[in-house]
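Source file: entry_9.csv (CSV, C-alpha atoms)
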```csv
chain,number,residue,atom,x,y,z
A,1,MET,CA,102.0,131.6,84.0
A,2,ASP,CA,99.0,133.6,85.1
A,3,ASP,CA,98.2,133.8,88.8
A,4,LYS,CA,100.7,131.0,89.6
A,5,LEU,CA,103.5,131.0,92.1
A,6,ILE,CA,106.3,128.4,92.1
A,7,TRP,CA,107.9,127.9,95.5
A,8,LYS,CA,110.4,125.3,96.4
A,9,GLY,CA,109.3,123.1,93.5
A,10,LEU,CA,105.6,123.2,94.3
A,11,MET,CA,103.0,125.1,92.3
A,12,PHE,CA,100.0,126.8,93.9
A,13,SER,CA,97.2,129.1,92.7
A,14,ASN,CA,97.3,132.5,94.2
A,15,ASP,CA,93.9,132.0,95.7
A,16,TYR,CA,95.0,128.8,97.5
A,17,ILE,CA,95.5,128.4,101.2
A,18,ASP,CA,97.9,125.6,102.0
A,19,HIS,CA,98.7,124.5,105.5
A,20,ARG,CA,100.8,121.5,104.5
A,21,ARG,CA,104.2,121.5,106.2
A,22,CYS,CA,106.7,122.5,103.6
A,23,TYR,CA,110.2,122.8,105.1
A,24,GLY,CA,108.6,123.9,108.4
A,25,GLU,CA,106.5,126.7,106.8
A,26,LYS,CA,102.9,127.2,106.3
A,27,LEU,CA,101.8,129.2,103.4
A,28,VAL,CA,98.8,131.4,102.8
A,29,PHE,CA,98.0,132.4,99.2
A,30,ASN,CA,95.1,134.8,98.5
A,31,GLY,CA,94.2,137.4,95.9
A,32,THR,CA,96.7,139.9,97.4
A,33,GLY,CA,99.8,137.8,97.3
A,34,MET,CA,101.7,135.3,99.5
A,35,ARG,CA,103.0,135.2,103.0
A,36,ALA,CA,104.5,132.5,105.1
A,37,LEU,CA,103.2,131.4,108.5
A,38,VAL,CA,106.0,129.6,110.4
A,39,GLY,CA,104.9,126.7,112.5
A,40,VAL,CA,104.7,122.9,112.9
A,41,SER,CA,101.0,122.4,113.7
A,42,ILE,CA,98.0,124.6,112.8
A,43,SER,CA,97.0,127.3,115.3
A,44,LYS,CA,93.6,128.8,116.1
A,45,VAL,CA,94.8,132.0,114.3
A,46,ASP,CA,95.4,130.0,111.1
A,47,ILE,CA,92.0,128.3,111.3
A,48,ASP,CA,90.3,131.6,112.0
A,49,GLU,CA,92.0,133.3,109.0
A,50,ALA,CA,91.0,130.4,106.7
A,51,ILE,CA,87.4,130.6,107.9
A,52,SER,CA,87.3,134.3,107.5
A,53,LEU,CA,88.4,134.0,103.9
A,54,LEU,CA,85.7,131.3,103.3
A,55,TYR,CA,83.0,133.7,104.6
A,56,ASP,CA,84.5,136.4,102.3
A,57,ASN,CA,84.4,134.0,99.3
A,58,ASN,CA,88.0,134.7,98.7
A,59,ILE,CA,89.5,131.2,98.1
A,60,ARG,CA,88.8,128.3,95.8
A,61,LYS,CA,91.2,125.7,97.3
A,62,LEU,CA,91.9,124.9,100.9
A,63,ASN,CA,94.4,122.4,102.1
A,64,LEU,CA,94.5,121.5,105.8
A,65,CYS,CA,96.0,118.0,105.6
A,66,TYR,CA,97.9,116.6,108.6
A,67,ASP,CA,96.8,119.5,110.8
A,68,ASN,CA,94.7,117.6,113.3
A,69,ILE,CA,91.9,120.1,113.3
A,70,GLY,CA,89.4,117.5,114.7
A,71,ASP,CA,85.6,117.8,114.9
A,72,GLU,CA,85.6,121.4,116.1
A,73,GLY,CA,87.7,122.6,113.2
A,74,VAL,CA,85.6,120.7,110.6
A,75,LYS,CA,82.4,122.0,112.1
A,76,ALA,CA,83.6,125.6,111.9
A,77,ILE,CA,84.7,125.1,108.2
A,78,SER,CA,81.3,123.4,107.5
A,79,GLU,CA,79.4,126.4,108.8
A,80,ALA,CA,81.4,128.7,106.6
A,81,LEU,CA,80.8,126.4,103.6
A,82,LYS,CA,77.0,126.8,104.0
A,83,ILE,CA,77.6,130.4,102.9
A,84,ASN,CA,80.7,130.2,100.8
A,85,ASN,CA,80.1,129.8,97.0
A,86,THR,CA,83.7,129.7,95.7
A,87,LEU,CA,85.6,126.9,97.4
A,88,GLY,CA,86.0,124.0,95.0
A,89,ILE,CA,88.7,121.8,96.6
A,90,LEU,CA,88.9,120.9,100.2
A,91,ASN,CA,91.7,118.6,101.5
A,92,LEU,CA,91.1,117.3,105.1
A,93,ARG,CA,93.5,114.4,104.9
A,94,SER,CA,94.6,113.0,108.3
A,95,ASN,CA,92.7,115.3,110.6
A,96,ASN,CA,91.3,113.0,113.2
A,97,ILE,CA,87.7,113.7,112.1
A,98,GLY,CA,85.0,112.0,114.2
A,99,ASP,CA,81.2,111.6,114.3
A,100,GLU,CA,80.4,115.3,114.7
A,101,GLY,CA,82.8,116.4,112.0
A,102,ILE,CA,81.3,113.9,109.5
A,103,LYS,CA,77.8,114.9,110.4
A,104,ALA,CA,78.7,118.5,109.7
A,105,LEU,CA,80.3,117.7,106.3
A,106,SER,CA,77.3,115.6,105.4
A,107,GLU,CA,75.0,118.6,105.9
A,108,VAL,CA,77.3,120.7,103.8
A,109,LEU,CA,77.1,118.2,100.9
A,110,LYS,CA,73.3,118.5,101.0
A,111,SER,CA,73.4,122.3,100.2
A,112,ASN,CA,76.8,123.4,99.1
A,113,ALA,CA,76.9,124.2,95.3
A,114,SER,CA,80.6,124.8,94.7
A,115,LEU,CA,82.7,122.0,96.3
A,116,TYR,CA,83.8,119.5,93.7
A,117,VAL,CA,86.8,117.8,95.3
A,118,LEU,CA,86.8,116.4,98.9
A,119,ASN,CA,89.7,114.5,100.3
A,120,LEU,CA,89.0,112.6,103.6
A,121,CYS,CA,92.0,110.2,103.3
A,122,GLY,CA,93.5,108.8,106.6
A,123,ASN,CA,90.8,109.9,109.0
A,124,ARG,CA,90.0,106.4,110.4
A,125,ILE,CA,86.4,106.8,109.0
A,126,GLY,CA,84.4,103.6,109.7
A,127,ASP,CA,81.1,102.3,108.4
A,128,GLU,CA,78.9,104.3,110.7
A,129,TYR,CA,80.5,107.6,109.6
A,130,ILE,CA,80.3,106.6,106.0
A,131,LYS,CA,76.6,105.9,106.4
A,132,ILE,CA,76.2,109.5,107.6
A,133,LEU,CA,78.3,111.0,104.8
A,134,SER,CA,76.4,108.9,102.2
A,135,LYS,CA,73.2,110.7,103.1
A,136,GLY,CA,74.7,114.0,102.0
A,137,LEU,CA,76.4,112.5,99.0
A,138,LYS,CA,73.0,111.0,97.8
A,139,VAL,CA,71.5,114.5,97.2
A,140,ASN,CA,74.7,116.4,96.4
A,141,THR,CA,74.8,118.0,93.0
A,142,THR,CA,78.4,119.2,92.6
A,143,LEU,CA,81.0,116.9,94.1
A,144,SER,CA,82.9,115.0,91.4
A,145,VAL,CA,85.9,113.6,93.3
A,146,LEU,CA,85.7,111.9,96.7
A,147,VAL,CA,89.0,110.5,98.2
A,148,LEU,CA,88.5,108.0,101.1
A,149,GLN,CA,91.9,106.3,101.1
A,150,PHE,CA,93.3,104.7,104.3
A,151,ASN,CA,90.1,104.6,106.3
A,152,ASN,CA,88.2,101.7,108.0
A,153,ILE,CA,85.5,101.2,105.5
A,154,SER,CA,84.2,97.6,105.2
A,155,GLY,CA,81.4,95.9,103.4
A,156,GLU,CA,78.7,97.8,105.2
A,157,GLY,CA,80.2,101.1,104.5
A,158,ALA,CA,80.6,100.2,100.8
A,159,LYS,CA,76.9,99.3,100.7
A,160,ALA,CA,76.0,102.7,102.0
A,161,LEU,CA,78.2,104.4,99.4
A,162,SER,CA,76.6,102.2,96.8
A,163,GLU,CA,73.1,103.4,97.8
A,164,ALA,CA,74.3,107.0,97.6
A,165,LEU,CA,75.7,106.4,94.1
A,166,LYS,CA,72.3,105.2,92.8
A,167,GLY,CA,71.0,108.7,93.3
A,168,ASN,CA,74.1,110.8,92.8
A,169,ASN,CA,74.6,112.1,89.3
A,170,THR,CA,77.8,114.1,89.6
A,171,LEU,CA,80.5,111.9,91.2
A,172,SER,CA,83.1,110.9,88.5
A,173,GLU,CA,86.0,109.7,90.7
A,174,LEU,CA,85.8,107.5,93.8
A,175,ASP,CA,89.0,106.5,95.6
A,176,LEU,CA,88.7,103.7,98.2
A,177,TYR,CA,92.4,102.6,98.3
A,178,CYS,CA,93.4,100.6,101.3
A,179,ASN,CA,90.1,100.0,103.1
A,180,ARG,CA,88.4,96.7,103.9
A,181,ILE,CA,85.4,96.5,101.6
A,182,GLY,CA,86.0,92.8,100.7
A,183,ASN,CA,83.6,90.6,98.7
A,184,GLU,CA,80.4,92.0,100.1
A,185,GLY,CA,81.4,95.6,99.5
A,186,ILE,CA,82.6,94.9,95.9
A,187,LYS,CA,79.3,93.1,95.1
A,188,ALA,CA,77.3,96.1,96.2
A,189,LEU,CA,79.5,98.5,94.2
A,190,SER,CA,79.3,96.2,91.2
A,191,GLU,CA,75.5,96.4,91.2
A,192,VAL,CA,75.7,100.2,91.2
A,193,LEU,CA,78.1,100.1,88.2
A,194,LYS,CA,75.4,98.4,86.2
A,195,VAL,CA,73.2,101.5,86.5
A,196,ASN,CA,75.5,104.4,87.4
A,197,ASN,CA,76.3,106.7,84.4
A,198,THR,CA,78.8,109.2,85.9
A,199,LEU,CA,81.6,107.3,87.6
A,200,GLY,CA,84.7,107.3,85.4
A,201,GLU,CA,87.5,106.4,87.8
A,202,LEU,CA,87.3,103.9,90.6
A,203,ASN,CA,90.2,102.9,92.8
A,204,LEU,CA,89.6,99.7,94.7
A,205,SER,CA,93.3,98.8,95.3
A,206,GLY,CA,94.2,97.1,98.6
A,207,ASN,CA,90.7,96.0,99.5
A,208,ASN,CA,91.0,92.2,99.6
A,209,ILE,CA,88.3,91.6,97.0
A,210,GLY,CA,89.8,88.3,95.9
A,211,ASP,CA,88.7,86.3,92.8
A,212,GLU,CA,85.0,86.3,93.8
A,213,GLY,CA,85.0,90.1,94.0
A,214,ALA,CA,86.7,90.3,90.6
A,215,LYS,CA,84.0,88.0,89.2
A,216,ALA,CA,81.2,90.3,90.5
A,217,LEU,CA,83.0,93.3,89.1
A,218,SER,CA,83.4,91.6,85.8
A,219,VAL,CA,79.6,91.1,85.4
A,220,ALA,CA,79.2,94.9,85.9
A,221,LEU,CA,81.9,95.8,83.4
A,222,LYS,CA,80.0,93.9,80.7
A,223,SER,CA,77.2,96.5,80.8
A,224,ASN,CA,78.8,99.6,82.3
A,225,THR,CA,79.5,102.3,79.7
A,226,THR,CA,81.2,105.1,81.7
A,227,LEU,CA,84.1,103.6,83.7
A,228,CYS,CA,87.4,104.3,82.0
A,229,ASN,CA,90.0,103.9,84.8
A,230,LEU,CA,89.9,100.9,87.2
A,231,ASP,CA,92.6,100.3,89.8
A,232,LEU,CA,92.6,96.8,91.4
A,233,ARG,CA,96.2,96.6,92.7
A,234,PHE,CA,96.9,94.4,95.8
A,235,ASN,CA,93.6,92.4,95.8
A,236,SER,CA,94.7,88.8,95.4
A,237,ILE,CA,92.3,88.2,92.5
A,238,GLY,CA,94.5,85.4,91.1
A,239,ASN,CA,94.2,83.8,87.7
A,240,GLU,CA,90.5,83.1,88.1
A,241,GLY,CA,89.8,86.7,88.8
A,242,ALA,CA,91.9,87.7,85.8
A,243,LYS,CA,90.0,85.2,83.6
A,244,ALA,CA,86.7,86.7,84.7
A,245,LEU,CA,87.9,90.3,84.0
A,246,SER,CA,89.1,89.1,80.6
A,247,GLU,CA,85.7,87.9,79.6
A,248,ALA,CA,84.3,91.3,80.6
A,249,LEU,CA,86.9,93.2,78.6
A,250,LYS,CA,85.9,91.3,75.4
A,251,VAL,CA,82.6,93.3,75.4
A,252,ASN,CA,83.4,96.4,77.5
A,253,THR,CA,83.7,99.5,75.3
A,254,THR,CA,85.0,102.2,77.7
A,255,LEU,CA,87.7,100.9,80.1
A,256,SER,CA,91.0,102.3,78.9
A,257,VAL,CA,93.2,102.0,82.0
A,258,LEU,CA,93.4,98.8,84.1
A,259,ASN,CA,95.9,98.3,87.0
A,260,LEU,CA,96.3,94.7,88.1
A,261,CYS,CA,99.6,95.1,89.9
A,262,ASP,CA,100.4,92.5,92.6
A,263,ASN,CA,97.5,90.2,92.1
A,264,ASP,CA,99.2,86.8,91.5
A,265,ILE,CA,97.6,86.3,88.2
A,266,GLY,CA,100.5,84.2,86.9
A,267,ASP,CA,100.8,82.8,83.4
A,268,GLU,CA,97.3,81.5,83.2
A,269,GLY,CA,95.8,84.9,84.0
A,270,THR,CA,98.2,86.5,81.5
A,271,LYS,CA,97.1,84.1,78.8
A,272,ALA,CA,93.4,85.1,79.3
A,273,LEU,CA,94.3,88.8,79.2
A,274,SER,CA,96.4,88.3,76.1
A,275,GLU,CA,93.4,86.9,74.2
A,276,VAL,CA,91.6,90.1,75.1
A,277,LEU,CA,94.4,92.3,73.7
A,278,LYS,CA,94.0,90.6,70.3
A,279,ALA,CA,90.5,92.1,69.9
A,280,ASN,CA,90.0,94.9,72.5
A,281,ILE,CA,90.2,98.4,70.9
A,282,VAL,CA,89.8,100.6,73.9
A,283,LEU,CA,92.4,99.5,76.5
A,284,SER,CA,95.4,101.8,76.3
A,285,ASN,CA,97.2,101.3,79.7
A,286,LEU,CA,97.7,97.9,81.3
A,287,ASP,CA,99.7,97.3,84.5
A,288,LEU,CA,100.7,93.6,85.1
A,289,SER,CA,103.7,94.3,87.4
A,290,GLU,CA,104.4,91.9,90.3
A,291,ASN,CA,102.3,89.1,89.1
A,292,ASN,CA,104.7,86.1,88.8
A,293,ILE,CA,104.5,86.1,85.0
A,294,GLY,CA,107.0,83.8,83.4
A,295,ASP,CA,107.9,82.2,80.0
A,296,GLU,CA,104.5,80.9,79.1
A,297,GLY,CA,102.7,84.2,79.9
A,298,VAL,CA,105.2,86.3,78.1
A,299,LYS,CA,105.0,84.2,74.9
A,300,VAL,CA,101.3,84.5,74.5
A,301,LEU,CA,101.4,88.2,75.5
A,302,SER,CA,104.1,88.8,72.8
A,303,GLU,CA,101.9,87.2,70.2
A,304,ALA,CA,99.0,89.4,71.2
A,305,LEU,CA,101.1,92.5,70.9
A,306,LYS,CA,101.8,91.7,67.3
A,307,VAL,CA,98.2,92.2,66.4
A,308,ASN,CA,97.0,94.7,69.1
A,309,ASN,CA,96.7,98.2,67.8
A,310,ASN,CA,95.6,100.2,70.8
A,311,LEU,CA,97.7,99.5,73.8
A,312,CYS,CA,100.1,102.4,74.6
A,313,GLU,CA,101.6,101.5,78.0
A,314,LEU,CA,102.4,98.1,79.4
A,315,ASN,CA,104.0,97.6,82.8
A,316,LEU,CA,105.7,94.2,83.4
A,317,ARG,CA,108.2,95.2,86.1
A,318,PHE,CA,108.9,92.8,89.0
A,319,ASN,CA,108.0,89.6,87.1
A,320,SER,CA,110.1,86.5,86.1
A,321,ILE,CA,111.0,87.6,82.6
A,322,GLY,CA,114.3,86.4,81.3
A,323,ASP,CA,116.4,86.7,78.1
A,324,GLU,CA,114.2,84.5,75.9
A,325,ASP,CA,111.1,86.4,77.0
A,326,ALA,CA,112.8,89.7,76.2
A,327,LYS,CA,113.6,88.3,72.7
A,328,ALA,CA,110.0,87.3,72.2
A,329,LEU,CA,108.8,90.8,73.3
A,330,SER,CA,111.4,92.4,71.0
A,331,GLU,CA,110.0,90.5,68.0
A,332,ALA,CA,106.5,91.7,68.8
A,333,LEU,CA,107.7,95.3,69.1
A,334,LYS,CA,109.1,95.1,65.6
A,335,VAL,CA,105.5,94.7,64.4
A,336,ASN,CA,103.5,96.6,67.0
A,337,ILE,CA,103.0,100.3,66.0
A,338,THR,CA,101.1,101.7,69.0
A,339,LEU,CA,103.0,100.7,72.2
A,340,CYS,CA,104.9,103.8,73.4
A,341,GLU,CA,106.1,102.6,76.8
A,342,LEU,CA,107.1,99.1,78.1
A,343,ASP,CA,108.4,98.7,81.6
A,344,LEU,CA,110.6,95.6,82.1
A,345,SER,CA,112.6,96.8,85.1
A,346,TYR,CA,113.4,94.4,88.0
A,347,ASN,CA,113.2,91.2,85.9
A,348,ASP,CA,115.8,88.6,85.1
A,349,ILE,CA,116.9,90.0,81.7
A,350,GLY,CA,120.6,89.5,81.0
A,351,ASP,CA,123.0,90.7,78.3
A,352,GLU,CA,121.3,88.8,75.5
A,353,GLY,CA,117.9,90.1,76.2
A,354,THR,CA,119.1,93.6,76.7
A,355,LYS,CA,120.8,93.5,73.4
A,356,GLU,CA,117.6,92.6,71.6
A,357,LEU,CA,115.6,95.3,73.4
A,358,LEU,CA,118.3,97.9,72.6
A,359,LYS,CA,118.0,97.0,68.9
A,360,VAL,CA,114.2,97.7,69.0
A,361,SER,CA,114.5,101.0,70.9
A,362,THR,CA,117.2,102.1,68.5
A,363,SER,CA,115.1,101.4,65.4
A,364,ASN,CA,111.8,102.5,66.9
A,365,THR,CA,112.2,106.0,68.4
A,366,PHE,CA,108.5,106.1,69.4
A,367,ILE,CA,108.8,103.5,72.1
A,368,ARG,CA,110.4,103.9,75.5
A,369,ILE,CA,111.6,100.6,77.0
A,370,ILE,CA,112.6,100.6,80.6
A,371,TYR,CA,114.8,97.6,81.7
```
Starting from the file, lay out its structure as structure tokens.
Amino acid sequence: MDDKLIWKGLMFSNDYIDHRRCYGEKLVFNGTGMRALVGVSISKVDIDEAISLLYDNNIRKLNLCYDNIGDEGVKAISEALKINNTLGILNLRSNNIGDEGIKALSEVLKSNASLYVLNLCGNRIGDEYIKILSKGLKVNTTLSVLVLQFNNISGEGAKALSEALKGNNTLSELDLYCNRIGNEGIKALSEVLKVNNTLGELNLSGNNIGDEGAKALSVALKSNTTLCNLDLRFNSIGNEGAKALSEALKVNTTLSVLNLCDNDIGDEGTKALSEVLKANIVLSNLDLSENNIGDEGVKVLSEALKVNNNLCELNLRFNSIGDEDAKALSEALKVNITLCELDLSYNDIGDEGTKELLKVSTSNTFIRIIY
């Protein structure tokens, strides 16, 4: 394992500075080895050392999450990044970054040519700050992953990001989990997806987009040819939203991973998605957990699995699946030759259903059934 160190179950590169609290210790990894810095919160000495290494072009990854470095710390790091040409990954999760810090990072994005992952999760970044950051993102030529989970981005912020994505040609992964972009935000992002040709992964979970947002997204998916992973968990899209997405999946040729966990799609939404599975040849991973799927939904889903030859993973945990449903799924699995994992945990499957599933898993060693 070249240039790798395993410590307390965690793996780090030897050119990686990590200030995450791991059992009360802070670790510095550089080209000369490893040493531990004991402490609970980051000190000025720690920041100074990190910045010094940035100026020396000595590190490729810097993790400062949960260290409350604030605007001054971010400004100092940003100045160093104007000169540094080796840092590729910067994690600034939960650091209380404000207006001045975001302005500094935006300027960095305009000129830095090495940074390809930026994590700004949990910094209470609102729309005005996102507008500033978007100016840098619009002209940036290297960033491929931007994590904005757990911030305060609403529709206006999503619109600013959308405008940036029209000009950006490098971003391949955008994570907006647990913000407040709503219908207006998703409509703006959907318009971008019609023309953007780089974004491959999009996490919109926990954004209250509803069925109208799902419908707007569906229109974009009919023409988009790059998105392969879409996370829509916790969005209350309902059966109408699921039906709209199903229509898009009939013609979409790239989406392989779709997460619809906890969207109350019910049996009607499941029926629509089942029709898609009969013909779709790209979807390989589908998460329908926590969706109130019962007998009717499972019956049509089972029939679809008999003819589907592409789905590899299906998650049905936390639904209303009983013994008869388990039997129907078991019959489908006797015919299906591609499904490799089926999660049925936290349902209402009793002894009879378990017996049928056990028979399938015994005869088909390629599938993993969780129940």
Completion exercise
One decimal place gives the atom CA of Glu303 of chain A-atom CA of Arg317 of chain A separation as 18.9 Å
Exercise for the section: Grab the atom CA of Val335 of chain A to atom CA of Asn308 of chain A distance for me, in Å with one decimal place. Expected result: 9.7 Å
Handout entry: Selected residue, from A:Ala160, A:Leu92, A:Val195, A:Ile181, that lies nearest to Val147 of chain A when counting only C-alpha atoms
Key =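 Closest candidate: A:Leu92.
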Exercise for the section: Extract, using all atoms listed in the file, all DNA, RNA and protein residues at most 8 Å from segment 254-267 of chain A, discarding same-chain residues fewer than 3 positions from it, and format them as JSON, numbers by chain. Expected result: {"A": [225, 226, 227, 228, 229, 230, 231, 232, 233, 234, 235, 236, 237, 238, 239, 240, 241, 242, 249, 270, 271, 282, 283, 284, 285, 286, 287, 288, 289, 290, 291, 292, 293, 294, 295, 296, 297, 298]}
Handout entry: Within 6 Å of Glu341 of chain A using all atoms listed in the file, minus same-chain residues under 2 positions, as a list in words
Key = Glu313, Leu339, Ile367, Arg368 and Ile369 of chain A
Practice task
For atom CA of Leu189 of chain A and atom CA of Lys166 of chain A, determine how far apart the two atoms are, in Å to one decimal place.
Solution key: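 Straight-line distance from atom CA of Leu189 of chain A to atom CA of Lys166 of chain A works out to 9.9 Å.
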Handout entry: Nearby residues (only C-alpha atoms) at most 7 Å from segment 328-331 of chain A, same-chain spacing under 5 positions excluded, as JSON, numbers by chain
Key = {"A": [299, 302, 356, 357, 360]}
Problem - Option closest in space to Ile130 of chain A, from A:Asp211, A:Glu163, A:Asp351, A:Glu247 [counting all atoms listed in the file] - result: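 Smallest distance to Ile130 of chain A is found for A:Glu163.
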Practice task
Show which residues sit within 6 Å of Tyr177 of chain A, as an MDAnalysis selection string. Count only C-alpha atoms, and ignore same-chain residues fewer than 4 positions away.
Solution key: chainID A and resid 149 203:206
Output C-alpha atoms for every residue in that selection, as a PDB file, keeping the file's coordinate frame.
```pdb
ATOM      1  CA  GLN A 149      91.900 106.300 101.100  1.00  0.00           C
ATOM      2  CA  ASN A 203      90.200 102.900  92.800  1.00  0.00           C
ATOM      3  CA  LEU A 204      89.600  99.700  94.700  1.00  0.00           C
ATOM      4  CA  SER A 205      93.300  98.800  95.300  1.00  0.00           C
ATOM      5  CA  GLY A 206      94.200  97.100  98.600  1.00  0.00           C
TER       6      GLY A 206
END
```
Practice task
Do a neighbour search on Arg93 of chain A at 6 Å with all atoms listed in the file, toss out local chain neighbours closer than 6 positions, and write the hits as a PyMOL selection string.
Solution key: chain A and resi 65+119-122
Handout entry: Minimum-distance residue to Arg60 of chain A, chosen among A:Asn224, A:Ser361, A:Asn152, A:Asn91 (using all atoms listed in the file)
Key =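 The closest residue to Arg60 of chain A is A:Asn91.
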Problem - Given all atoms listed in the file as the counted atoms, nearest of A:Asn85, A:Val192, A:Val145, A:Lys103 to Ser172 of chain A - result: A:Val145
Practice task
List every protein, DNA or RNA residue that has at least one atom no more than 9 Å from (106.8, 107.2, 67.4) in the file's coordinates, counting all atoms listed in the file, and write the result as a VMD selection string.
Solution key: chain A and resid 337 to 340 364 to 367
Practice task
Name the closest residue to Phe150 of chain A among the candidates A:Ser274, A:Ser134, A:Thr170, A:Asn123; distances are taken between atoms, counting all atoms listed in the file.
Solution key: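 Among the listed residues, the smallest separation from Phe150 of chain A belongs to A:Asn123.
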